[in-house]
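S.K.: Handing over run.txt, compact mmCIF, C-alpha atoms and all ligand atoms.
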# COMPACT_ATOMS: atom_id res chain seq x y z
CA MET V 1 -13.63 55.54 -71.20
CA PHE V 2 -16.97 54.07 -70.10
CA ILE V 3 -17.09 51.45 -67.39
CA PRO V 4 -18.54 48.45 -69.29
CA ASN V 5 -19.75 46.65 -66.18
CA SER V 6 -21.23 49.78 -64.68
CA SER V 7 -24.66 49.14 -63.23
CA LYS V 8 -25.75 52.61 -64.28
CA LYS V 9 -28.92 52.47 -66.34
CA GLU V 10 -27.46 54.95 -68.81
CA CYS V 11 -24.47 52.71 -69.38
CA ARG V 12 -26.69 49.68 -69.96
CA LEU V 13 -28.89 51.64 -72.39
CA MET V 14 -25.85 52.84 -74.36
CA LEU V 15 -24.02 49.51 -74.40
CA SER V 16 -27.07 47.37 -75.10
CA ALA V 17 -28.09 49.37 -78.18
CA ARG V 18 -27.32 47.40 -81.31
CA ARG V 19 -27.83 50.36 -83.64
CA LEU V 20 -27.27 53.97 -82.58
CA ILE V 21 -28.05 57.19 -84.42
CA VAL V 22 -25.90 60.17 -83.39
CA LYS V 23 -27.13 63.62 -84.45
CA ILE V 24 -24.75 66.58 -84.26
CA GLY V 25 -26.08 70.14 -84.03
CA SER V 26 -24.63 73.01 -86.08
CA THR V 27 -23.17 74.92 -83.14
CA LEU V 28 -21.11 71.88 -82.11
CA ILE V 29 -19.32 71.26 -85.36
CA ALA V 30 -19.22 74.65 -87.10
CA ASP V 31 -18.01 78.08 -85.99
CA ALA V 32 -20.44 80.66 -87.38
CA GLU V 33 -17.94 83.51 -86.93
CA THR V 34 -15.02 81.96 -88.76
CA GLY V 35 -16.82 79.45 -90.99
CA GLU V 36 -14.39 76.82 -89.74
CA ILE V 37 -15.03 73.28 -88.51
CA HIS V 38 -14.30 72.60 -84.83
CA GLY V 39 -11.59 70.11 -85.80
CA PRO V 40 -10.31 69.02 -82.35
CA TRP V 41 -13.88 68.56 -81.15
CA LEU V 42 -14.73 66.41 -84.18
CA GLU V 43 -11.63 64.29 -83.62
CA ARG V 44 -12.70 63.55 -80.03
CA LEU V 45 -16.22 62.72 -81.14
CA ILE V 46 -15.05 60.30 -83.81
CA GLU V 47 -12.74 58.58 -81.29
CA ASP V 48 -15.82 58.25 -79.08
CA VAL V 49 -17.91 56.82 -81.92
CA VAL V 50 -15.14 54.36 -82.74
CA ARG V 51 -15.24 52.96 -79.17
CA PHE V 52 -18.80 51.81 -79.87
CA LEU V 53 -18.02 50.60 -83.40
CA LYS V 54 -15.18 48.45 -82.06
CA ARG V 55 -17.66 46.76 -79.67
CA GLY V 56 -19.62 45.72 -82.74
CA GLN V 57 -22.33 48.33 -82.34
CA GLU V 58 -23.56 50.12 -85.45
CA VAL V 59 -23.46 53.92 -85.60
CA ILE V 60 -25.13 56.22 -88.13
CA ILE V 61 -24.23 59.92 -87.95
CA ILE V 62 -26.56 62.77 -88.88
CA THR V 63 -24.60 66.01 -89.05
CA SER V 64 -25.76 69.58 -89.31
CA GLY V 65 -23.44 72.49 -90.05
CA ALA V 66 -23.35 72.72 -93.87
CA VAL V 67 -25.23 76.03 -93.97
CA THR V 68 -23.14 77.50 -91.14
CA LEU V 69 -19.88 76.50 -92.83
CA GLY V 70 -20.94 77.97 -96.16
CA SER V 71 -22.54 81.14 -94.79
CA CYS V 72 -19.19 82.88 -94.41
CA HIS V 73 -19.18 83.31 -98.21
CA PHE V 74 -22.12 85.67 -97.84
CA THR V 75 -21.70 89.15 -96.42
CA ARG V 76 -22.90 89.75 -92.88
CA SER V 77 -25.30 92.36 -94.26
CA ASP V 78 -27.32 89.42 -95.47
CA GLY V 79 -28.33 88.83 -91.91
CA LEU V 80 -30.38 85.64 -91.98
CA LEU V 81 -29.79 84.06 -95.39
CA GLY V 82 -32.71 83.86 -97.80
CA ILE V 83 -33.53 80.40 -99.15
CA GLY V 84 -31.41 80.78 -102.31
CA LYS V 85 -28.31 81.89 -100.42
CA LYS V 86 -28.96 79.27 -97.74
CA GLN V 87 -29.02 76.54 -100.40
CA ALA V 88 -25.85 77.92 -101.96
CA ALA V 89 -24.21 78.10 -98.53
CA ALA V 90 -25.15 74.46 -97.90
CA ALA V 91 -23.63 73.45 -101.24
CA ILE V 92 -20.34 75.09 -100.19
CA GLY V 93 -20.36 73.83 -96.60
CA GLN V 94 -21.43 70.23 -97.27
CA VAL V 95 -18.24 69.38 -99.13
CA ARG V 96 -16.05 70.57 -96.25
CA LEU V 97 -18.24 68.83 -93.70
CA MET V 98 -17.95 65.46 -95.40
CA LEU V 99 -14.23 65.84 -96.03
CA ALA V 100 -13.66 66.44 -92.32
CA PHE V 101 -15.66 63.34 -91.37
CA GLU V 102 -13.98 61.20 -94.03
CA GLN V 103 -10.47 62.18 -92.89
CA SER V 104 -11.25 61.72 -89.20
CA LEU V 105 -12.90 58.32 -89.64
CA LYS V 106 -10.05 57.22 -91.90
CA ARG V 107 -7.50 58.18 -89.24
CA ASN V 108 -9.44 55.91 -86.89
CA GLY V 109 -9.55 53.01 -89.32
CA PHE V 110 -13.07 53.39 -90.65
CA GLY V 111 -14.61 54.36 -93.96
CA MET V 112 -17.74 56.41 -94.45
CA GLY V 113 -20.53 56.94 -96.93
CA GLN V 114 -22.36 60.24 -97.49
CA VAL V 115 -26.13 60.16 -97.96
CA LEU V 116 -28.06 63.41 -98.54
CA LEU V 117 -31.75 63.10 -97.82
CA ALA V 118 -35.03 64.66 -98.86
CA ARG V 119 -38.43 64.19 -97.29
CA GLU V 120 -39.50 62.28 -100.41
CA ASP V 121 -36.95 59.59 -99.53
CA PHE V 122 -39.19 58.70 -96.58
CA ASP V 123 -42.61 59.44 -98.05
CA ASP V 124 -42.22 57.40 -101.26
CA GLN V 125 -42.25 53.67 -100.41
CA HIS V 126 -39.88 52.72 -103.24
CA ARG V 127 -37.35 55.40 -102.32
CA ARG V 128 -37.77 54.46 -98.64
CA GLY V 129 -36.87 50.86 -99.44
CA ASN V 130 -33.88 51.95 -101.50
CA LEU V 131 -32.66 54.20 -98.69
CA ARG V 132 -32.97 51.45 -96.09
CA SER V 133 -31.10 49.01 -98.33
CA THR V 134 -28.30 51.51 -99.05
CA LEU V 135 -27.79 52.30 -95.38
CA GLN V 136 -27.78 48.62 -94.45
CA GLN V 137 -25.19 47.92 -97.14
CA LEU V 138 -22.94 50.66 -95.77
CA LEU V 139 -23.27 49.27 -92.24
CA LYS V 140 -22.54 45.76 -93.56
CA VAL V 141 -19.17 46.81 -95.00
CA GLY V 142 -18.28 48.85 -91.92
CA ALA V 143 -18.59 52.23 -93.66
CA VAL V 144 -20.15 54.74 -91.27
CA PRO V 145 -23.17 56.42 -92.91
CA VAL V 146 -22.93 60.22 -92.49
CA LEU V 147 -26.21 61.89 -93.40
CA ASN V 148 -27.60 65.38 -93.79
CA GLU V 149 -30.63 66.92 -95.43
CA ASN V 150 -30.03 67.76 -99.08
CA ASP V 151 -30.41 71.46 -98.32
CA THR V 152 -29.19 72.51 -101.75
CA THR V 153 -32.32 71.27 -103.49
CA ALA V 154 -34.76 71.02 -100.59
CA ALA V 155 -37.91 72.95 -101.43
CA VAL V 156 -39.19 75.21 -98.66
CA GLU V 157 -42.62 73.54 -98.70
CA THR V 158 -41.32 69.97 -98.37
CA CYS V 159 -37.96 70.15 -96.63
CA PHE V 160 -37.40 68.71 -93.16
CA GLY V 161 -35.72 71.99 -92.21
CA ASP V 162 -34.16 70.39 -89.16
CA ASN V 163 -32.04 67.33 -88.57
CA ASP V 164 -33.75 66.39 -85.31
CA ARG V 165 -36.80 65.05 -87.07
CA LEU V 166 -34.71 63.75 -89.96
CA ALA V 167 -32.62 61.75 -87.46
CA ALA V 168 -35.77 60.37 -85.85
CA GLN V 169 -37.11 59.31 -89.26
CA VAL V 170 -33.83 57.48 -89.94
CA ALA V 171 -34.07 55.81 -86.51
CA GLN V 172 -37.60 54.63 -87.36
CA LEU V 173 -36.56 53.51 -90.87
CA LEU V 174 -33.64 51.41 -89.59
CA GLY V 175 -35.22 50.17 -86.37
CA ALA V 176 -32.49 51.87 -84.35
CA ASP V 177 -32.42 51.21 -80.61
CA LEU V 178 -31.07 54.58 -79.53
CA LEU V 179 -31.17 58.11 -80.96
CA ILE V 180 -28.68 60.56 -79.44
CA LEU V 181 -29.18 64.29 -80.08
CA LEU V 182 -25.96 66.14 -79.26
CA SER V 183 -26.75 69.80 -78.74
CA ASP V 184 -25.53 72.89 -76.88
CA VAL V 185 -27.70 72.15 -73.83
CA ASP V 186 -27.63 69.36 -71.24
CA GLY V 187 -31.12 68.22 -72.22
CA LEU V 188 -34.75 69.31 -71.93
CA PHE V 189 -35.25 72.02 -69.31
CA THR V 190 -38.48 73.30 -67.82
CA GLU V 191 -37.77 76.50 -69.80
CA ASP V 192 -35.06 77.60 -72.24
CA PRO V 193 -31.97 77.76 -70.01
CA HIS V 194 -30.49 80.44 -72.26
CA ARG V 195 -33.45 82.67 -71.51
CA SER V 196 -34.41 81.73 -67.95
CA SER V 197 -32.11 81.24 -64.96
CA SER V 198 -34.85 79.31 -63.14
CA ALA V 199 -34.96 76.58 -65.79
CA ARG V 200 -34.49 73.08 -64.35
CA LEU V 201 -33.26 69.98 -66.16
CA VAL V 202 -35.79 67.20 -66.83
CA ARG V 203 -33.89 63.91 -66.48
CA GLU V 204 -36.42 61.47 -67.84
CA VAL V 205 -39.55 61.58 -70.03
CA ARG V 206 -41.79 58.57 -70.52
CA ARG V 207 -44.68 60.37 -72.22
CA ILE V 208 -44.71 63.61 -74.15
CA THR V 209 -47.56 65.42 -72.44
CA PRO V 210 -48.82 68.98 -73.11
CA GLU V 211 -46.85 70.01 -70.02
CA ILE V 212 -43.64 68.65 -71.56
CA GLU V 213 -44.43 70.29 -74.90
CA GLY V 214 -45.05 73.59 -73.11
CA MET V 215 -41.42 73.64 -71.92
CA ALA V 216 -39.97 73.77 -75.43
CA ALA V 217 -39.13 76.94 -77.34
CA ASP V 218 -37.24 77.62 -80.55
CA SER V 219 -33.51 77.92 -80.89
CA ALA V 220 -31.89 80.79 -79.04
CA SER V 221 -28.61 80.49 -80.90
CA GLY V 222 -30.23 81.48 -84.18
CA ARG V 223 -27.93 79.04 -85.92
CA GLY V 224 -29.70 75.87 -84.93
CA SER V 225 -32.84 75.15 -86.88
CA GLY V 226 -35.00 73.25 -84.58
CA GLY V 227 -34.67 74.38 -80.99
CA MET V 228 -36.32 72.11 -78.45
CA VAL V 229 -39.57 72.09 -80.38
CA THR V 230 -38.23 69.87 -83.13
CA LYS V 231 -36.37 67.74 -80.59
CA LEU V 232 -39.66 66.87 -78.92
CA MET V 233 -41.15 66.13 -82.33
CA ALA V 234 -38.20 63.83 -82.92
CA ALA V 235 -38.74 62.21 -79.53
CA ARG V 236 -42.34 61.46 -80.42
CA ILE V 237 -41.32 59.82 -83.73
CA ALA V 238 -38.56 57.80 -82.06
CA MET V 239 -40.61 56.68 -79.06
CA ASP V 240 -43.55 55.66 -81.26
CA ALA V 241 -41.05 53.44 -83.09
CA GLY V 242 -39.83 51.93 -79.79
CA CYS V 243 -36.52 53.79 -80.00
CA ILE V 244 -35.01 55.40 -76.91
CA MET V 245 -33.84 59.01 -77.34
CA VAL V 246 -31.39 61.05 -75.31
CA ILE V 247 -30.52 64.76 -75.51
CA ALA V 248 -27.13 65.76 -74.13
CA LYS V 249 -24.53 68.48 -74.42
CA GLY V 250 -22.17 67.60 -77.21
CA LYS V 251 -19.41 70.02 -76.20
CA GLU V 252 -18.21 67.53 -73.59
CA PRO V 253 -15.01 65.74 -74.58
CA CYS V 254 -16.18 62.24 -75.60
CA PRO V 255 -19.90 63.11 -75.26
CA LEU V 256 -21.12 59.56 -75.89
CA THR V 257 -18.91 58.19 -73.12
CA ALA V 258 -20.09 61.00 -70.85
CA ILE V 259 -23.70 59.92 -71.45
CA ALA V 260 -22.84 56.27 -70.75
CA ASN V 261 -21.17 57.31 -67.51
CA GLY V 262 -24.36 58.97 -66.33
CA GLY V 263 -23.59 62.55 -67.39
CA THR V 264 -26.37 65.14 -67.34
CA SER V 265 -28.89 64.44 -70.09
CA THR V 266 -32.56 63.87 -70.74
CA TRP V 267 -33.72 60.34 -71.56
CA PHE V 268 -36.93 59.69 -73.49
CA LEU V 269 -37.96 56.12 -72.73
CA PRO V 270 -40.70 54.50 -74.83
CA GLN V 271 -43.19 52.33 -73.03
CA VAL V 272 -42.60 49.40 -75.39
CA GLY V 273 -39.79 47.71 -77.18
CA SER V 274 -36.85 49.46 -75.59
CA PRO V 275 -33.69 47.39 -75.26
CA ALA V 276 -33.14 48.56 -71.67
CA ASP V 277 -33.28 44.96 -70.46
CA ARG V 278 -31.23 43.59 -73.36
CA PRO V 279 -28.00 42.02 -72.13
CA ILE V 280 -24.89 43.95 -72.98
CA GLY V 281 -23.50 41.96 -75.88
CA GLN V 282 -20.25 41.81 -77.78
CA TRP V 283 -21.61 41.61 -81.31
CA LYS V 284 -19.50 40.40 -84.18
CA ARG V 285 -18.60 43.30 -86.47
CA PRO V 286 -21.11 43.57 -89.38
N1 LIG T 301 -37.06 73.82 -72.78
C1 LIG T 301 -35.83 73.92 -73.36
N2 LIG T 301 -34.80 73.20 -72.88
C2 LIG T 301 -33.58 73.29 -73.43
N3 LIG T 301 -33.28 74.08 -74.52
C3 LIG T 301 -34.30 74.81 -75.03
C4 LIG T 301 -35.60 74.76 -74.48
N4 LIG T 301 -36.40 75.60 -75.22
C5 LIG T 301 -35.62 76.13 -76.18
N5 LIG T 301 -34.36 75.68 -76.07
C6 LIG T 301 -33.28 76.09 -76.97
O1 LIG T 301 -32.96 75.03 -77.88
C7 LIG T 301 -31.59 75.16 -78.24
C8 LIG T 301 -31.06 73.85 -78.83
O2 LIG T 301 -31.65 73.70 -80.12
P1 LIG T 301 -30.85 74.24 -81.42
O3 LIG T 301 -30.48 75.65 -81.23
O4 LIG T 301 -31.67 73.88 -82.61
O5 LIG T 301 -29.52 73.43 -81.34
P2 LIG T 301 -29.00 72.20 -82.20
O6 LIG T 301 -28.08 72.81 -83.19
O7 LIG T 301 -28.31 71.36 -81.22
O8 LIG T 301 -30.19 71.50 -82.82
C9 LIG T 301 -30.92 75.55 -76.93
O9 LIG T 301 -29.71 76.24 -77.17
C10 LIG T 301 -31.98 76.45 -76.26
O10 LIG T 301 -31.68 77.80 -76.49
N1 LIG T 302 -29.13 70.61 -92.95
C1 LIG T 302 -28.77 71.77 -92.12
C2 LIG T 302 -29.07 71.41 -90.67
C3 LIG T 302 -30.19 72.21 -90.08
C4 LIG T 302 -30.34 71.78 -88.63
O1 LIG T 302 -31.11 70.91 -88.28
O2 LIG T 302 -29.45 72.43 -87.79
P1 LIG T 302 -29.37 72.13 -86.17
O3 LIG T 302 -30.67 72.58 -85.56
O4 LIG T 302 -28.20 72.94 -85.76
O5 LIG T 302 -29.17 70.66 -86.02
C5 LIG T 302 -27.27 72.12 -92.21
O6 LIG T 302 -26.48 71.20 -92.45
O7 LIG T 302 -26.94 73.29 -91.98
What do you get writing this file as structure tokens?

M.R.:
Amino acid sequence: MFIPNSSKKECRLMLSARRLIVKIGSTLIADAETGEIHGPWLERLIEDVVRFLKRGQEVIIITSGAVTLGSCHFTRSDGLLGIGKKQAAAAIGQVRLMLAFEQSLKRNGFGMGQVLLAREDFDDQHRRGNLRSTLQQLLKVGAVPVLNENDTTAAVETCFGDNDRLAAQVAQLLGADLLILLSDVDGLFTEDPHRSSSARLVREVRRITPEIEGMAADSASGRGSGGMVTKLMAARIAMDAGCIMVIAKGKEPCPLTAIANGGTSTWFLPQVGSPADRPIGQWKRP
């Protein structure tokens, strides 16, 4: 559990955020070898999310993992899936992903709504307005929005390709206060920690400078899509919109609580508009 009256800055930032976006990386939720969902992990995460919902905070979940879950239907000789097989894999995996979220949230007393997104949903003003309204309606009735890119029909030229930037676009669209990227690393390191033993964790970023950008490389796992490169792109989108962003390891039991209790992570703090000084409130449920 987090310590609500903790003076830790991280705790204040987590508990003062009215609207949080939680993005889950593929390697956290899906086992590439077995094509199974990490069920016990998901259960812990949803219990963690529910702690914030019950305080009256709003949570939107962006989940990866559809392609990984569906890939097991394609022989290993495929190696990296071509776009057609990747889209078919996503079509297979997405159903299982949403079912797992729906059942877990239901066990914890909450409903959910699935929204699959395309870049056009953000680029076209009319579709952007529709999307915002739909998400706000879901939040109003206490149904947790669970989002992913619509990989099955996403064209190579126009797709997001990664959920880091998609999550940041949703944070900007909804005026979220805090974007949490749960990954398989503790945060931004000076180099890829999976490739360099001398990599050191960067705890806080207030401006994304060329030096910061130079630290980021692509994904080492081969299953993630964005690596740290897209996470920094997401940080730029979020910070420009006045939204705080944090990268943390999602494997922790109760990763959101771990962040609030000052666990290792990297915080991206915009210069303007952050709710860091907002009093920790007990909001009425939407
Ligand atoms: N400077 C860096 N700091 C931390 N991780 C990095 C860095 N550069 C590259 N990476 C890689 O980014 C990966 C996380 O991105 P990704 O594989 O896309 O995971 P996710 O599924 O969480 O999005 C890490 O596992 C790591 O190998
Ligand atoms: N829409 C894709 C997510 C791609 C993606 O961003 O993956 P990751 O880098 O693991 O968050 C899927 O569900 O597999």

S.K.: Any idea what's packed within 12 Å of Gly161 of chain V, counting all atoms listed in the file, ignoring anything in its chain fewer than 6 positions away? Could you give it as a PyMOL selection string?

M.R.: chain V and resi 64+67+83+86-87+117-119+148-155+167+224-227+230

S.K.: Can you pull out the residues contacting Met233 of chain V? Cut-off 9 Å, using all atoms listed in the file, and skip same-chain residues under 6 positions away; I want them as number ranges by chain.

M.R.: V: 164-165, 168

S.K.: Would you save the residues of that selection, restricted to C-alpha atoms, as a tab-separated table (two decimals), keeping the file's coordinate frame?

M.R.:
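Written out: result_25.tsv:
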chain	number	residue	atom	x	y	z
V	164	ASP	CA	-33.75	66.39	-85.31
V	165	ARG	CA	-36.80	65.05	-87.07
V	168	ALA	CA	-35.77	60.37	-85.85

S.K.: Could you tell me how far atom CA of Leu174 of chain V lies from atom CA of Leu20 of chain V, in Å and to one decimal?

M.R.: 9.8 Å

S.K.: What is the distance, in Å and to one decimal place, between atom CA of Ser133 of chain V and atom CA of Met239 of chain V?

M.R.: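 Separating atom CA of Ser133 of chain V from atom CA of Met239 of chain V is a distance of 22.8 Å.
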
S.K.: How far is it from atom CA of Thr75 of chain V to atom CA of Gly39 of chain V, in Å with one decimal?

M.R.: 24.0 Å

S.K.: Just want the 8 Å neighbourhood of Ile62 of chain V, counted on all atoms listed in the file, with same-chain residues fewer than 6 positions away dropped. Output as a PyMOL selection string.

M.R.: chain V and resi 21-24+146-148+163+167

S.K.: List the neighbours of segment 105-112 of chain V out to 10 Å using all atoms listed in the file; skip same-chain residues closer than 2 positions along the sequence, and give me the result as a VMD selection string.

M.R.: chain V and resid 42 to 43 46 to 47 49 to 50 53 60 to 61 98 to 103 114 to 115 138 to 139 141 to 146

S.K.: Which one is closest to Lys251 of chain V: V:Ser183, V:Ser104, V:Gln137, V:Asn130? Count only C-alpha atoms.

M.R.: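 Closest to Lys251 of chain V, using only C-alpha atoms: V:Ser183.
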
S.K.: Check the smallest atom-to-atom distance from each of V:Thr134, V:Thr27, V:Gln169, V:Thr257 to Glu120 of chain V using all atoms listed in the file, then report the winner.

M.R.: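 Using all atoms listed in the file, the shortest distance to Glu120 of chain V belongs to V:Gln169.
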
S.K.: Determine, using all atoms listed in the file, which residues of chain V have any atom at most 10 Å from an atom of ligand LIG 301 (chain T), and tabulate each with its shortest atom pair and distance in Å to one decimal place, rows ordered by chain and then rising number, as a tab-separated table.

M.R.:
residue	atom	partner	partner_atom	distance
V:Lys23	CA	T:LIG301	O7	8.5
V:Ile24	CA	T:LIG301	O7	6.7
V:Gly25	CA	T:LIG301	O6	3.4
V:Ser26	CA	T:LIG301	O6	4.5
V:Thr27	CA	T:LIG301	O6	5.3
V:Leu28	CA	T:LIG301	O6	7.1
V:Ile29	CA	T:LIG301	O6	9.2
V:Ala30	CA	T:LIG301	O6	9.9
V:Thr63	CA	T:LIG301	O6	9.6
V:Ser64	CA	T:LIG301	O6	7.3
V:Gly65	CA	T:LIG301	O6	8.3
V:Asp162	CA	T:LIG301	O8	7.6
V:Asn163	CA	T:LIG301	O8	7.3
V:Asp164	CA	T:LIG301	O8	6.7
V:Leu181	CA	T:LIG301	O7	7.2
V:Leu182	CA	T:LIG301	O7	6.1
V:Ser183	CA	T:LIG301	O7	3.3
V:Asp184	CA	T:LIG301	O9	5.4
V:Val185	CA	T:LIG301	C9	5.6
V:Asp186	CA	T:LIG301	C2	7.5
V:Gly187	CA	T:LIG301	C2	5.8
V:Leu188	CA	T:LIG301	N2	4.0
V:Phe189	CA	T:LIG301	N2	3.8
V:Thr190	CA	T:LIG301	N1	5.2
V:Glu191	CA	T:LIG301	N1	4.1
V:Asp192	CA	T:LIG301	C4	3.7
V:Pro193	CA	T:LIG301	C2	5.9
V:His194	CA	T:LIG301	O10	5.1
V:Arg195	CA	T:LIG301	O10	7.2
V:Ser196	CA	T:LIG301	C1	9.6
V:Ala199	CA	T:LIG301	N1	7.8
V:Arg200	CA	T:LIG301	N2	8.5
V:Leu201	CA	T:LIG301	N2	7.6
V:Val202	CA	T:LIG301	N2	8.6
V:Ile212	CA	T:LIG301	N1	8.5
V:Glu213	CA	T:LIG301	N1	8.4
V:Gly214	CA	T:LIG301	N1	8.0
V:Met215	CA	T:LIG301	N1	4.4
V:Ala216	CA	T:LIG301	N1	3.9
V:Ala217	CA	T:LIG301	N4	3.7
V:Asp218	CA	T:LIG301	C5	4.9
V:Ser219	CA	T:LIG301	O3	3.8
V:Ala220	CA	T:LIG301	O10	3.9
V:Ser221	CA	T:LIG301	O3	5.2
V:Gly222	CA	T:LIG301	O3	6.5
V:Arg223	CA	T:LIG301	O3	6.3
V:Gly224	CA	T:LIG301	O4	3.6
V:Ser225	CA	T:LIG301	O4	4.6
V:Gly226	CA	T:LIG301	O4	3.9
V:Gly227	CA	T:LIG301	O2	3.2
V:Met228	CA	T:LIG301	O1	4.5
V:Val229	CA	T:LIG301	N4	7.0
V:Thr230	CA	T:LIG301	O4	7.7
V:Lys231	CA	T:LIG301	O8	7.6
V:Leu232	CA	T:LIG301	N1	9.6
V:Ile247	CA	T:LIG301	O7	9.0
V:Ala248	CA	T:LIG301	O7	9.1
V:Lys249	CA	T:LIG301	O7	8.3
V:Gly250	CA	T:LIG301	O7	8.2
V:Thr266	CA	T:LIG301	N2	9.8

S.K.: From the options V:Ala234, V:Gly129, V:Cys243, V:Gln271, which residue's atoms come nearest to Arg207 of chain V, counting all atoms listed in the file?

M.R.: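 The closest residue to Arg207 of chain V is V:Gln271.
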
S.K.: Which residue out of V:Arg206, V:Arg96, V:Arg55, V:His126 has the minimum interatomic distance to ligand LIG 302 (chain T) when all atoms listed in the file are used?

M.R.: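 Smallest separation from ligand LIG 302 (chain T) among the options: V:Arg96.
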
S.K.: Using all atoms listed in the file, which of V:Ala176, V:Ala89, V:Ala258, V:Val205 sits nearest ligand LIG 302 (chain T)?

M.R.: V:Ala89

S.K.: Nearest to ligand LIG 302 (chain T): which of V:Ser71, V:Gln57, V:Thr264, V:Gln125 is it, counting all atoms listed in the file?

M.R.: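 Under the stated criterion, the closest residue is V:Ser71.
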
S.K.: Counting all atoms listed in the file, which residues come within 6 Å of (-18.0, 78.3, -91.9), with the point read in the file's coordinates, and could you list them as JSON, numbers by chain?

M.R.: {"V": [31, 32, 34, 35, 36, 68, 69, 70, 72]}

S.K.: Take segment 140-145 of chain V, model all heavy atoms, and hand the result over as a CSV table (one decimal), in the coordinates of the input.

M.R.:
chain,number,residue,atom,x,y,z
V,140,LYS,N,-23.1,47.1,-93.4
V,140,LYS,CA,-22.5,45.8,-93.6
V,140,LYS,C,-21.0,45.8,-93.9
V,140,LYS,O,-20.3,44.9,-93.4
V,140,LYS,CB,-23.3,45.1,-94.7
V,140,LYS,CG,-23.4,43.6,-94.7
V,140,LYS,CD,-24.4,43.1,-95.7
V,140,LYS,CE,-24.4,41.6,-95.8
V,140,LYS,NZ,-25.4,41.2,-96.9
V,141,VAL,N,-20.6,46.8,-94.6
V,141,VAL,CA,-19.2,46.8,-95.0
V,141,VAL,C,-18.4,47.7,-94.0
V,141,VAL,O,-17.2,47.9,-94.2
V,141,VAL,CB,-19.0,47.3,-96.4
V,141,VAL,CG1,-19.7,46.4,-97.4
V,141,VAL,CG2,-19.5,48.8,-96.6
V,142,GLY,N,-19.0,48.1,-92.9
V,142,GLY,CA,-18.3,48.8,-91.9
V,142,GLY,C,-18.0,50.3,-92.3
V,142,GLY,O,-17.1,50.9,-91.7
V,143,ALA,N,-18.7,50.8,-93.3
V,143,ALA,CA,-18.6,52.2,-93.7
V,143,ALA,C,-19.6,53.0,-92.9
V,143,ALA,O,-20.8,52.7,-93.0
V,143,ALA,CB,-18.8,52.4,-95.2
V,144,VAL,N,-19.2,54.0,-92.1
V,144,VAL,CA,-20.2,54.7,-91.3
V,144,VAL,C,-21.0,55.7,-92.1
V,144,VAL,O,-20.5,56.5,-92.8
V,144,VAL,CB,-19.4,55.6,-90.2
V,144,VAL,CG1,-20.4,56.4,-89.4
V,144,VAL,CG2,-18.5,54.6,-89.3
V,145,PRO,N,-22.3,55.5,-92.2
V,145,PRO,CA,-23.2,56.4,-92.9
V,145,PRO,C,-23.2,57.8,-92.2
V,145,PRO,O,-23.4,57.9,-91.0
V,145,PRO,CB,-24.6,55.8,-92.8
V,145,PRO,CG,-24.3,54.4,-92.4
V,145,PRO,CD,-23.1,54.4,-91.5
